[in-house]
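A.B. asks: Structure file run-v9.pdb (PDB, C-alpha atoms and all ligand atoms) right here:
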```
ATOM      1  CA  MET A 538      46.856 128.206  48.196
ATOM      2  CA  GLU A 539      47.538 130.019  44.947
ATOM      3  CA  SER A 540      50.892 129.079  43.508
ATOM      4  CA  HIS A 541      53.119 131.129  41.256
ATOM      5  CA  GLU A 542      56.530 130.163  39.960
ATOM      6  CA  PHE A 543      58.971 133.033  39.660
ATOM      7  CA  PRO A 544      62.627 132.809  38.692
ATOM      8  CA  VAL A 545      64.603 133.763  41.814
ATOM      9  CA  GLU A 546      66.822 136.618  40.763
ATOM     10  CA  GLU A 547      69.312 138.497  42.863
ATOM     11  CA  ASP A 548      67.636 141.769  42.053
ATOM     12  CA  VAL A 549      63.869 141.529  41.934
ATOM     13  CA  THR A 550      63.503 145.128  40.800
ATOM     14  CA  SER A 551      63.951 143.828  37.222
ATOM     15  CA  VAL A 552      60.415 142.359  37.331
ATOM     16  CA  LYS A 553      58.836 145.375  38.992
ATOM     17  CA  GLY A 554      55.921 146.602  36.925
ATOM     18  CA  SER A 555      55.305 143.230  35.245
ATOM     19  CA  VAL A 556      53.860 141.633  38.417
ATOM     20  CA  SER A 557      51.307 142.771  40.965
ATOM     21  CA  ARG A 558      52.420 144.517  44.171
ATOM     22  CA  GLU A 559      51.490 141.424  46.213
ATOM     23  CA  GLU A 560      53.447 139.098  43.936
ATOM     24  CA  TYR A 561      56.395 141.464  43.968
ATOM     25  CA  ASP A 562      56.507 141.499  47.796
ATOM     26  CA  ARG A 563      56.278 137.703  47.884
ATOM     27  CA  LEU A 564      59.150 137.477  45.410
ATOM     28  CA  GLN A 565      61.205 139.864  47.531
ATOM     29  CA  VAL A 566      60.704 137.664  50.623
ATOM     30  CA  LEU A 567      61.717 134.604  48.593
ATOM     31  CA  CYS A 568      64.906 136.313  47.449
ATOM     32  CA  ASP A 569      65.785 137.394  50.995
ATOM     33  CA  GLN A 570      65.307 133.820  52.213
ATOM     34  CA  LYS A 571      67.490 132.539  49.385
ATOM     35  CA  ASP A 572      70.232 135.070  50.270
ATOM     36  CA  GLN A 573      70.136 134.022  53.912
ATOM     37  CA  GLU A 574      70.304 130.356  52.931
ATOM     38  CA  ILE A 575      73.317 130.983  50.650
ATOM     39  CA  GLU A 576      75.033 132.970  53.420
ATOM     40  CA  ARG A 577      74.398 130.124  55.887
ATOM     41  CA  MET A 578      75.760 127.527  53.448
ATOM     42  CA  LYS A 579      78.873 129.632  52.816
ATOM     43  CA  THR A 580      79.563 129.944  56.544
ATOM     44  CA  GLU A 581      78.975 126.215  57.026
ATOM     45  CA  PHE A 582      81.327 125.383  54.161
ATOM     46  CA  LEU A 583      83.974 127.678  55.649
ATOM     47  CA  SER A 584      83.668 125.964  58.998
ATOM     48  CA  VAL A 585      83.824 122.393  57.631
ATOM     49  CA  ALA A 586      86.710 123.179  55.253
ATOM     50  CA  SER A 587      88.721 124.898  58.004
ATOM     51  CA  HIS A 588      88.234 121.974  60.379
ATOM     52  CA  GLN A 589      89.340 119.529  57.669
ATOM     53  CA  PHE A 590      92.482 121.573  56.988
ATOM     54  CA  ARG A 591      93.440 121.918  60.628
ATOM     55  CA  THR A 592      94.003 118.247  61.430
ATOM     56  CA  PRO A 593      96.551 117.466  58.663
ATOM     57  CA  LEU A 594      98.252 120.825  59.212
ATOM     58  CA  THR A 595      98.661 120.169  62.927
ATOM     59  CA  SER A 596     100.186 116.774  62.240
ATOM     60  CA  MET A 597     102.522 118.274  59.588
ATOM     61  CA  ASN A 598     103.686 120.887  62.070
ATOM     62  CA  TRP A 599     104.318 118.272  64.687
ATOM     63  CA  TYR A 600     106.618 116.292  62.377
ATOM     64  CA  LEU A 601     108.376 119.470  61.235
ATOM     65  CA  GLU A 602     108.992 120.430  64.874
ATOM     66  CA  MET A 603     110.507 116.967  65.467
ATOM     67  CA  LEU A 604     112.773 117.398  62.450
ATOM     68  CA  LEU A 605     113.927 120.788  63.727
ATOM     69  CA  SER A 606     114.305 119.730  67.348
ATOM     70  CA  ASP A 607     117.629 118.665  68.830
ATOM     71  CA  GLU A 608     116.636 114.989  68.912
ATOM     72  CA  GLY A 609     116.071 115.127  65.197
ATOM     73  CA  ALA A 610     119.536 116.614  64.535
ATOM     74  CA  VAL A 611     119.851 114.744  61.260
ATOM     75  CA  LEU A 612     119.586 117.766  58.998
ATOM     76  CA  GLN A 613     122.405 119.380  57.071
ATOM     77  CA  GLU A 614     122.516 123.172  57.260
ATOM     78  CA  ARG A 615     120.876 123.659  53.868
ATOM     79  CA  GLU A 616     118.140 121.125  54.584
ATOM     80  CA  ARG A 617     117.468 122.819  57.926
ATOM     81  CA  GLY A 618     116.947 126.110  56.077
ATOM     82  CA  TYR A 619     114.384 124.496  53.783
ATOM     83  CA  VAL A 620     112.547 122.795  56.651
ATOM     84  CA  GLU A 621     112.448 126.049  58.628
ATOM     85  CA  GLU A 622     110.896 127.741  55.605
ATOM     86  CA  VAL A 623     108.241 125.006  55.293
ATOM     87  CA  TYR A 624     107.556 125.214  59.041
ATOM     88  CA  ALA A 625     107.072 129.016  58.910
ATOM     89  CA  THR A 626     104.678 128.688  55.955
ATOM     90  CA  SER A 627     102.773 125.891  57.599
ATOM     91  CA  ARG A 628     102.361 127.943  60.789
ATOM     92  CA  ARG A 629     101.001 130.820  58.739
ATOM     93  CA  MET A 630      98.472 128.396  57.255
ATOM     94  CA  VAL A 631      97.416 127.286  60.744
ATOM     95  CA  GLY A 632      96.917 130.971  61.621
ATOM     96  CA  LEU A 633      94.769 131.477  58.540
ATOM     97  CA  VAL A 634      92.678 128.377  59.228
ATOM     98  CA  ASN A 635      92.156 129.506  62.837
ATOM     99  CA  ASP A 636      91.065 132.949  61.614
ATOM    100  CA  LEU A 637      88.567 131.333  59.218
ATOM    101  CA  LEU A 638      87.225 129.153  62.021
ATOM    102  CA  ASN A 639      86.850 132.151  64.302
ATOM    103  CA  VAL A 640      85.024 134.064  61.573
ATOM    104  CA  SER A 641      82.502 131.277  61.092
ATOM    105  CA  ARG A 642      82.085 130.852  64.868
ATOM    106  CA  LEU A 643      81.587 134.577  65.409
ATOM    107  CA  GLU A 644      79.156 134.845  62.504
ATOM    108  CA  THR A 645      77.044 131.909  63.631
ATOM    109  CA  GLY A 646      77.140 132.983  67.268
ATOM    110  CA  ASN A 647      79.010 129.782  68.177
ATOM    111  CA  LEU A 648      81.925 131.579  69.771
ATOM    112  CA  GLU A 649      80.946 132.367  73.314
ATOM    113  CA  LEU A 650      83.110 135.185  74.636
ATOM    114  CA  GLU A 651      83.845 134.861  78.337
ATOM    115  CA  PRO A 652      84.633 138.306  79.737
ATOM    116  CA  MET A 653      86.675 138.244  82.955
ATOM    117  CA  PRO A 654      88.106 141.170  84.921
ATOM    118  CA  ALA A 655      91.664 141.921  83.818
ATOM    119  CA  GLN A 656      94.428 144.450  84.223
ATOM    120  CA  LEU A 657      94.858 145.434  80.566
ATOM    121  CA  GLU A 658      98.288 147.057  81.028
ATOM    122  CA  THR A 659      99.822 143.841  82.432
ATOM    123  CA  PHE A 660      98.162 141.708  79.778
ATOM    124  CA  LEU A 661      99.429 144.037  77.061
ATOM    125  CA  GLN A 662     102.967 143.818  78.461
ATOM    126  CA  THR A 663     102.883 140.019  77.943
ATOM    127  CA  LEU A 664     101.591 140.397  74.390
ATOM    128  CA  VAL A 665     104.261 142.980  73.523
ATOM    129  CA  ASP A 666     106.930 140.614  74.906
ATOM    130  CA  GLU A 667     105.509 137.820  72.763
ATOM    131  CA  ALA A 668     105.651 140.004  69.653
ATOM    132  CA  ARG A 669     109.243 141.080  70.290
ATOM    133  CA  PRO A 670     110.916 138.182  68.406
ATOM    134  CA  ILE A 671     108.808 139.055  65.328
ATOM    135  CA  ALA A 672     109.873 142.704  65.597
ATOM    136  CA  ASP A 673     113.538 141.684  66.041
ATOM    137  CA  GLN A 674     113.357 139.455  63.002
ATOM    138  CA  ALA A 675     111.910 142.316  60.953
ATOM    139  CA  GLY A 676     114.560 144.714  62.296
ATOM    140  CA  ALA A 677     111.865 146.894  63.917
ATOM    141  CA  THR A 678     111.947 148.529  67.350
ATOM    142  CA  LEU A 679     109.031 147.786  69.643
ATOM    143  CA  ALA A 680     108.584 149.875  72.785
ATOM    144  CA  TYR A 681     105.943 149.710  75.483
ATOM    145  CA  ALA A 682     105.207 152.523  77.902
ATOM    146  CA  PRO A 683     103.236 151.104  80.833
ATOM    147  CA  PRO A 684     101.300 153.577  82.957
ATOM    148  CA  ALA A 685     102.919 154.902  86.141
ATOM    149  CA  ASP A 686      99.944 153.825  88.283
ATOM    150  CA  PRO A 687      97.646 150.814  87.887
ATOM    151  CA  LEU A 688      94.609 151.440  85.672
ATOM    152  CA  PRO A 689      91.041 150.358  86.443
ATOM    153  CA  MET A 690      90.128 146.803  85.499
ATOM    154  CA  VAL A 691      88.323 145.925  82.267
ATOM    155  CA  ALA A 692      86.213 142.878  81.384
ATOM    156  CA  ILE A 693      87.803 140.935  78.512
ATOM    157  CA  ASP A 694      87.936 137.450  77.045
ATOM    158  CA  LYS A 695      91.704 136.948  77.253
ATOM    159  CA  GLY A 696      91.904 134.319  74.496
ATOM    160  CA  MET A 697      90.187 136.472  71.889
ATOM    161  CA  VAL A 698      91.637 139.807  73.036
ATOM    162  CA  ARG A 699      95.093 138.224  72.765
ATOM    163  CA  GLN A 700      94.313 137.603  69.087
ATOM    164  CA  VAL A 701      93.130 141.191  68.627
ATOM    165  CA  PHE A 702      96.351 142.711  69.997
ATOM    166  CA  SER A 703      98.609 140.117  68.363
ATOM    167  CA  ASN A 704      97.070 141.025  65.035
ATOM    168  CA  LEU A 705      97.456 144.773  65.632
ATOM    169  CA  LEU A 706     101.080 144.331  66.725
ATOM    170  CA  THR A 707     101.925 142.030  63.809
ATOM    171  CA  ASN A 708     100.307 144.466  61.372
ATOM    172  CA  ALA A 709     102.225 147.396  62.862
ATOM    173  CA  ILE A 710     105.491 145.457  62.396
ATOM    174  CA  LYS A 711     104.567 144.097  58.955
ATOM    175  CA  TYR A 712     103.391 147.389  57.466
ATOM    176  CA  SER A 713     106.288 149.450  58.836
ATOM    177  CA  SER A 714     109.143 147.096  58.020
ATOM    178  CA  SER A 715     108.526 146.307  54.360
ATOM    179  CA  ALA A 716     110.849 147.389  51.533
ATOM    180  CA  GLY A 717     113.821 147.712  53.886
ATOM    181  CA  ALA A 718     112.188 150.427  56.041
ATOM    182  CA  GLN A 719     113.098 150.596  59.731
ATOM    183  CA  GLY A 720     109.890 149.973  61.644
ATOM    184  CA  LYS A 721     109.250 151.816  64.898
ATOM    185  CA  ILE A 722     106.289 150.694  67.002
ATOM    186  CA  ASP A 723     105.210 152.398  70.213
ATOM    187  CA  VAL A 724     102.568 150.853  72.435
ATOM    188  CA  SER A 725     100.938 152.822  75.234
ATOM    189  CA  ILE A 726      97.877 152.644  77.461
ATOM    190  CA  THR A 727      95.921 155.285  79.332
ATOM    191  CA  GLN A 728      92.629 155.912  81.055
ATOM    192  CA  GLU A 729      90.320 158.481  79.502
ATOM    193  CA  GLY A 730      87.004 159.053  81.240
ATOM    194  CA  ASP A 731      85.451 155.666  81.920
ATOM    195  CA  GLU A 732      87.553 153.825  79.351
ATOM    196  CA  VAL A 733      90.981 152.211  79.267
ATOM    197  CA  ILE A 734      92.529 152.908  75.865
ATOM    198  CA  ALA A 735      95.467 151.062  74.305
ATOM    199  CA  ALA A 736      97.297 152.657  71.368
ATOM    200  CA  ILE A 737      99.595 150.906  68.892
ATOM    201  CA  GLN A 738     101.483 153.429  66.817
ATOM    202  CA  ASP A 739     103.721 152.680  63.846
ATOM    203  CA  ASN A 740     105.709 154.677  61.300
ATOM    204  CA  GLY A 741     104.610 152.519  58.361
ATOM    205  CA  ILE A 742     102.892 152.804  54.992
ATOM    206  CA  GLY A 743      99.642 154.222  56.416
ATOM    207  CA  ILE A 744      96.049 153.547  55.370
ATOM    208  CA  PRO A 745      94.746 155.383  52.283
ATOM    209  CA  GLU A 746      91.637 157.549  52.731
ATOM    210  CA  GLU A 747      89.640 155.480  50.213
ATOM    211  CA  ALA A 748      90.181 152.355  52.354
ATOM    212  CA  LYS A 749      88.435 153.884  55.358
ATOM    213  CA  PRO A 750      84.881 152.564  54.746
ATOM    214  CA  SER A 751      86.135 148.991  54.164
ATOM    215  CA  ILE A 752      89.025 148.557  56.585
ATOM    216  CA  PHE A 753      87.069 146.426  59.093
ATOM    217  CA  SER A 754      85.331 144.394  56.355
ATOM    218  CA  LYS A 755      85.943 140.717  55.759
ATOM    219  CA  PHE A 756      88.895 139.941  53.409
ATOM    220  CA  TYR A 757      89.579 143.635  52.735
ATOM    221  CA  ARG A 758      93.177 144.685  52.039
ATOM    222  CA  ALA A 759      94.206 148.155  50.890
ATOM    223  CA  GLU A 760      96.127 148.499  47.625
ATOM    224  CA  ASN A 761      99.335 149.778  49.301
ATOM    225  CA  ALA A 762      99.253 146.868  51.797
ATOM    226  CA  ILE A 763      98.987 144.294  48.990
ATOM    227  CA  HIS A 764     102.129 145.825  47.421
ATOM    228  CA  ALA A 765     104.014 146.077  50.716
ATOM    229  CA  ALA A 766     103.230 142.586  52.029
ATOM    230  CA  THR A 767     101.801 139.897  49.781
ATOM    231  CA  ASP A 768     101.116 137.799  52.856
ATOM    232  CA  GLY A 769      97.766 138.732  54.432
ATOM    233  CA  SER A 770      94.162 137.581  54.586
ATOM    234  CA  GLY A 771      92.193 140.694  55.479
ATOM    235  CA  LEU A 772      90.547 138.801  58.341
ATOM    236  CA  GLY A 773      92.425 140.178  61.354
ATOM    237  CA  LEU A 774      90.717 143.562  61.599
ATOM    238  CA  TYR A 775      87.312 142.049  60.812
ATOM    239  CA  ILE A 776      87.715 139.637  63.750
ATOM    240  CA  ALA A 777      89.194 142.386  65.959
ATOM    241  CA  HIS A 778      86.216 144.674  65.307
ATOM    242  CA  MET A 779      83.705 141.908  66.030
ATOM    243  CA  VAL A 780      85.440 140.843  69.266
ATOM    244  CA  VAL A 781      86.018 144.353  70.633
ATOM    245  CA  THR A 782      82.465 145.549  69.938
ATOM    246  CA  GLU A 783      81.021 142.302  71.313
ATOM    247  CA  LEU A 784      82.876 143.060  74.558
ATOM    248  CA  GLY A 785      81.358 146.555  74.678
ATOM    249  CA  GLY A 786      84.558 148.253  73.514
ATOM    250  CA  ARG A 787      85.611 150.390  70.543
ATOM    251  CA  ILE A 788      88.329 150.095  67.895
ATOM    252  CA  TRP A 789      89.427 152.850  65.493
ATOM    253  CA  TYR A 790      92.522 154.307  63.879
ATOM    254  CA  GLU A 791      94.258 157.482  62.761
ATOM    255  CA  SER A 792      96.557 157.301  59.787
ATOM    256  CA  GLU A 793      98.492 159.193  57.172
ATOM    257  CA  VAL A 794      99.887 157.503  54.087
ATOM    258  CA  GLY A 795     103.692 157.369  54.209
ATOM    259  CA  THR A 796     103.824 158.579  57.822
ATOM    260  CA  GLY A 797     102.180 155.867  59.889
ATOM    261  CA  THR A 798      99.126 154.530  61.650
ATOM    262  CA  THR A 799      97.853 154.386  65.217
ATOM    263  CA  PHE A 800      95.214 151.828  66.164
ATOM    264  CA  PHE A 801      93.209 152.468  69.333
ATOM    265  CA  VAL A 802      91.310 149.869  71.358
ATOM    266  CA  ALA A 803      89.086 151.075  74.211
ATOM    267  CA  PHE A 804      87.316 148.985  76.843
ATOM    268  CA  PRO A 805      84.927 150.340  79.480
ATOM    269  CA  CYS A 806      86.324 150.313  83.019
ATOM    270  CA  THR A 807      84.627 147.836  85.344
ATOM    271  CA  SER A 808      86.043 149.423  88.518
ATOM    272  CA  SER A 809      87.211 152.944  89.301
ATOM    273  CA  SER A 810      90.384 151.753  91.090
ATOM    274  CA  VAL A 811      92.260 148.537  91.939
TER     275      VAL A 811
HETATM  276  P1  LIG B   1      95.991 141.581  56.701
HETATM  277  O1  LIG B   1      97.003 142.364  57.473
HETATM  278  O2  LIG B   1      96.128 140.124  56.827
HETATM  279  O3  LIG B   1      95.882 142.050  55.283
HETATM  280  P2  LIG B   1      93.997 142.745  58.483
HETATM  281  O4  LIG B   1      92.550 142.446  58.567
HETATM  282  O5  LIG B   1      94.802 142.576  59.699
HETATM  283  O6  LIG B   1      94.532 141.862  57.297
HETATM  284  O7  LIG B   1      94.137 144.238  57.967
HETATM  285  C1  LIG B   1      93.309 144.668  56.886
HETATM  286  C2  LIG B   1      94.009 145.761  56.099
HETATM  287  O8  LIG B   1      94.136 146.944  56.914
HETATM  288  C3  LIG B   1      95.444 145.444  55.684
HETATM  289  O9  LIG B   1      95.501 144.641  54.556
HETATM  290  C4  LIG B   1      95.967 146.850  55.426
HETATM  291  O10 LIG B   1      95.477 147.354  54.209
HETATM  292  C5  LIG B   1      95.309 147.654  56.552
HETATM  293  N1  LIG B   1      96.162 147.772  57.748
HETATM  294  C6  LIG B   1      95.979 147.184  58.939
HETATM  295  N2  LIG B   1      96.909 147.554  59.824
HETATM  296  C7  LIG B   1      97.711 148.435  59.184
HETATM  297  C8  LIG B   1      98.852 149.200  59.565
HETATM  298  N3  LIG B   1      99.362 149.139  60.808
HETATM  299  N4  LIG B   1      99.409 150.012  58.640
HETATM  300  C9  LIG B   1      98.898 150.099  57.393
HETATM  301  N5  LIG B   1      97.821 149.402  56.950
HETATM  302  C10 LIG B   1      97.235 148.574  57.843
END
```
As a first step, turn the structure in this file into structure tokens.
C.D. replies:
Amino acid sequence: MESHEFPVEEDVTSVKGSVSREEYDRLQVLCDQKDQEIERMKTEFLSVASHQFRTPLTSMNWYLEMLLSDEGAVLQERERGYVEEVYATSRRMVGLVNDLLNVSRLETGNLELEPMPAQLETFLQTLVDEARPIADQAGATLAYAPPADPLPMVAIDKGMVRQVFSNLLTNAIKYSSSAGAQGKIDVSITQEGDEVIAAIQDNGIGIPEEAKPSIFSKFYRAENAIHAATDGSGLGLYIAHMVVTELGGRIWYESEVGTGTTFFVAFPCTSSSV
């Protein structure tokens, strides 16, 4: 077979004209393969690194929990404050590592979603209750308006959908309670046509128009969000979008800067009544 050695460049158009059409096409294929290989290696690195981080972090958290527990009541008040701070930071790191792991699993197709029939309004009630301490701590109000009558069932993977709503609720609290603002979050759920739609509305900083094309992209954070809350990875919405669409649902938002944001999550009904 004829062999040619070409430098593999990111953009092969730079050699267009100096090589034959056939050679150009071959070079293009080579570049695409190289890109795929780099992408695969990046995902693999992410997965290995996240796994390596998780074990020591879990053990750190365990010892911190012991220190803070009643049996470990050896701490002075000031020390307890410091340890609580370390514990909160370490838990945030566990969250980040779990997000990274989920990203690599979703991207490599190694995260099997297991959709099961569920009553979304009851599930959402639990998740709102779980988020309440975070809202209280931030001084925000968090209200949930369950529907008067039961809604049709939807098919969801509870583990992953829990993460989706937890992220949306945490964001709503985080981006409405910064800079001393009083956050107000209203959660509701309705049936529209053949979909059950959950809405999480906040009165926060809003999402700028220019952020719209990138908001569900990996690691993306809007400029105003970076100023309002330094803490954030830009992974939550990326994961949420992947999970919801994988389950046959939709996720979108309406927002106005300085007024607030509403995120909507819709899942197709699996039954017309319960
Ligand atoms: P993170 O919150 O960790 O930055 P996410 O992926 O959850 O990452 O969100 C991506 C970006 O979307 C945020 O950085 C912010 O710019 C924007 N965003 C998400 N939710 C809200 C919200 N409720 N209000 C304003 N901006 C939001």
A.B. asks: Using Å and a single decimal, report how far atom CA of A:Met697 sits from atom CA of A:Leu650.
C.D. replies: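 Those two atoms sit 7.7 Å apart.
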A.B. asks: Could you give me the residues within 8 Å of ligand LIG 1 (chain B), counting all atoms listed in the file, as a ChimeraX atom specification?
C.D. replies: /A:704-706,708-713,738-739,741-744,748,752-763,768-776,792,797-800
A.B. asks: Mind pulling up the distance from atom CA of A:Ala675 to atom CA of A:Arg615?
C.D. replies: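 Going from atom CA of A:Arg615 over to atom CA of A:Ala675, I get 21.9 Å.
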A.B. asks: Name the residues captured by the PyMOL selection byres (((chain A and resi 727-737) around 7) and not hetatm) when it is applied to the shown file; answer as a list in words.
C.D. replies: Pro684, Leu688, Ile722, Asp723, Val724, Ser725, Ile726, Gln738, Asp739, Thr799, Phe800, Phe801, Val802, Ala803, Phe804, Pro805 and Cys806 of chain A
A.B. asks: At a cut-off of 10 Å, using all atoms listed in the file, what residues contact A:Val640? Leave out same-chain residues fewer than 4 positions from it and give the result as a PyMOL selection string.
C.D. replies: chain A and resi 580+583-584+634-636+644-648+755+772-773+775-776+779
A.B. asks: Those selected residues, please, written with C-alpha atoms and delivered as a PDB file, in the frame of the given file.
C.D. replies:
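Contents of out-v4.pdb, freshly written:
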```
ATOM      1  CA  THR A 580      79.563 129.944  56.544  1.00  0.00           C
ATOM      2  CA  LEU A 583      83.974 127.678  55.649  1.00  0.00           C
ATOM      3  CA  SER A 584      83.668 125.964  58.998  1.00  0.00           C
ATOM      4  CA  VAL A 634      92.678 128.377  59.228  1.00  0.00           C
ATOM      5  CA  ASN A 635      92.156 129.506  62.837  1.00  0.00           C
ATOM      6  CA  ASP A 636      91.065 132.949  61.614  1.00  0.00           C
ATOM      7  CA  GLU A 644      79.156 134.845  62.504  1.00  0.00           C
ATOM      8  CA  THR A 645      77.044 131.909  63.631  1.00  0.00           C
ATOM      9  CA  GLY A 646      77.140 132.983  67.268  1.00  0.00           C
ATOM     10  CA  ASN A 647      79.010 129.782  68.177  1.00  0.00           C
ATOM     11  CA  LEU A 648      81.925 131.579  69.771  1.00  0.00           C
ATOM     12  CA  LYS A 755      85.943 140.717  55.759  1.00  0.00           C
ATOM     13  CA  LEU A 772      90.547 138.801  58.341  1.00  0.00           C
ATOM     14  CA  GLY A 773      92.425 140.178  61.354  1.00  0.00           C
ATOM     15  CA  TYR A 775      87.312 142.049  60.812  1.00  0.00           C
ATOM     16  CA  ILE A 776      87.715 139.637  63.750  1.00  0.00           C
ATOM     17  CA  MET A 779      83.705 141.908  66.030  1.00  0.00           C
TER      18      MET A 779
END
```
A.B. asks: For atom CA of A:Met690 and atom CA of A:Thr807, determine how far apart the two atoms are, in Å to one decimal place.
C.D. replies: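 Spanning atom CA of A:Met690 to atom CA of A:Thr807 is a straight-line distance of 5.6 Å.
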A.B. asks: Rank nothing, just name the residue among A:Thr707, A:Asn740, A:Asn639, A:Ser587 nearest to A:Lys721, using all atoms listed in the file.
C.D. replies: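 Under the stated criterion, the closest residue is A:Asn740.
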A.B. asks: With 8 Å added on each side, what axis-aligned box encloses every listed atom of stretch 781-784 of chain A? Give the centre and edge lengths in Å to one decimal, as lines of an AutoDock Vina configuration file.
C.D. replies:
```
center_x = 83.5
center_y = 143.9
center_z = 72.2
size_x = 21.0
size_y = 19.2
size_z = 20.6
```
A.B. asks: Need the shell around stretch 602-607 of chain A: protein/DNA/RNA residues with any atom at most 10 Å away, counting all atoms listed in the file. Skip same-chain ones fewer than 3 positions apart. Format as a list in words?
C.D. replies: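 What passes the distance filter is Ser596, Met597, Asn598, Trp599, Ala610, Val611, Leu612, Arg617, Gly618, Val620, Glu621 and Tyr624 of chain A.
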A.B. asks: Nearest to A:Gln700 among A:Val794, A:Ile575, A:Leu661, A:Val566, with distances taken over all atoms listed in the file: which residue is it?
C.D. replies: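 Using all atoms listed in the file, the shortest distance to A:Gln700 belongs to A:Leu661.
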A.B. asks: Skip A:Ser627 itself and residues of its chain fewer than 2 positions away, then list as a PyMOL selection string all residues within 10 Å of it, counting all atoms listed in the file.
C.D. replies: chain A and resi 594-595+597-598+601+621-625+629-633
A.B. asks: With C-alpha atoms retained, write the just-selected residues as a PDB file, keeping the file's coordinate frame.
C.D. replies:
```pdb
ATOM      1  CA  LEU A 594      98.252 120.825  59.212  1.00  0.00           C
ATOM      2  CA  THR A 595      98.661 120.169  62.927  1.00  0.00           C
ATOM      3  CA  MET A 597     102.522 118.274  59.588  1.00  0.00           C
ATOM      4  CA  ASN A 598     103.686 120.887  62.070  1.00  0.00           C
ATOM      5  CA  LEU A 601     108.376 119.470  61.235  1.00  0.00           C
ATOM      6  CA  GLU A 621     112.448 126.049  58.628  1.00  0.00           C
ATOM      7  CA  GLU A 622     110.896 127.741  55.605  1.00  0.00           C
ATOM      8  CA  VAL A 623     108.241 125.006  55.293  1.00  0.00           C
ATOM      9  CA  TYR A 624     107.556 125.214  59.041  1.00  0.00           C
ATOM     10  CA  ALA A 625     107.072 129.016  58.910  1.00  0.00           C
ATOM     11  CA  ARG A 629     101.001 130.820  58.739  1.00  0.00           C
ATOM     12  CA  MET A 630      98.472 128.396  57.255  1.00  0.00           C
ATOM     13  CA  VAL A 631      97.416 127.286  60.744  1.00  0.00           C
ATOM     14  CA  GLY A 632      96.917 130.971  61.621  1.00  0.00           C
ATOM     15  CA  LEU A 633      94.769 131.477  58.540  1.00  0.00           C
TER      16      LEU A 633
END
```
A.B. asks: Have a look at A:Ala586, A:Ala766, A:Ile693, A:Val698 and name the one nearest to A:Ser641; count all atoms listed in the file.
C.D. replies: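 So, comparing all the options, the nearest one is A:Ala586.
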A.B. asks: Using the chain letters and numbers from this file, what does the PyMOL selection byres (((chain A and resi 716-718) around 9) and not hetatm) select? Give the answer as a list in words.
C.D. replies: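 With the PyMOL selection byres (((chain A and resi 716-718) around 9) and not hetatm) on this model, the match is Gly676, Ala677, Ser713, Ser714, Ser715, Gln719, Gly720, Gly741 and Ala765 of chain A.
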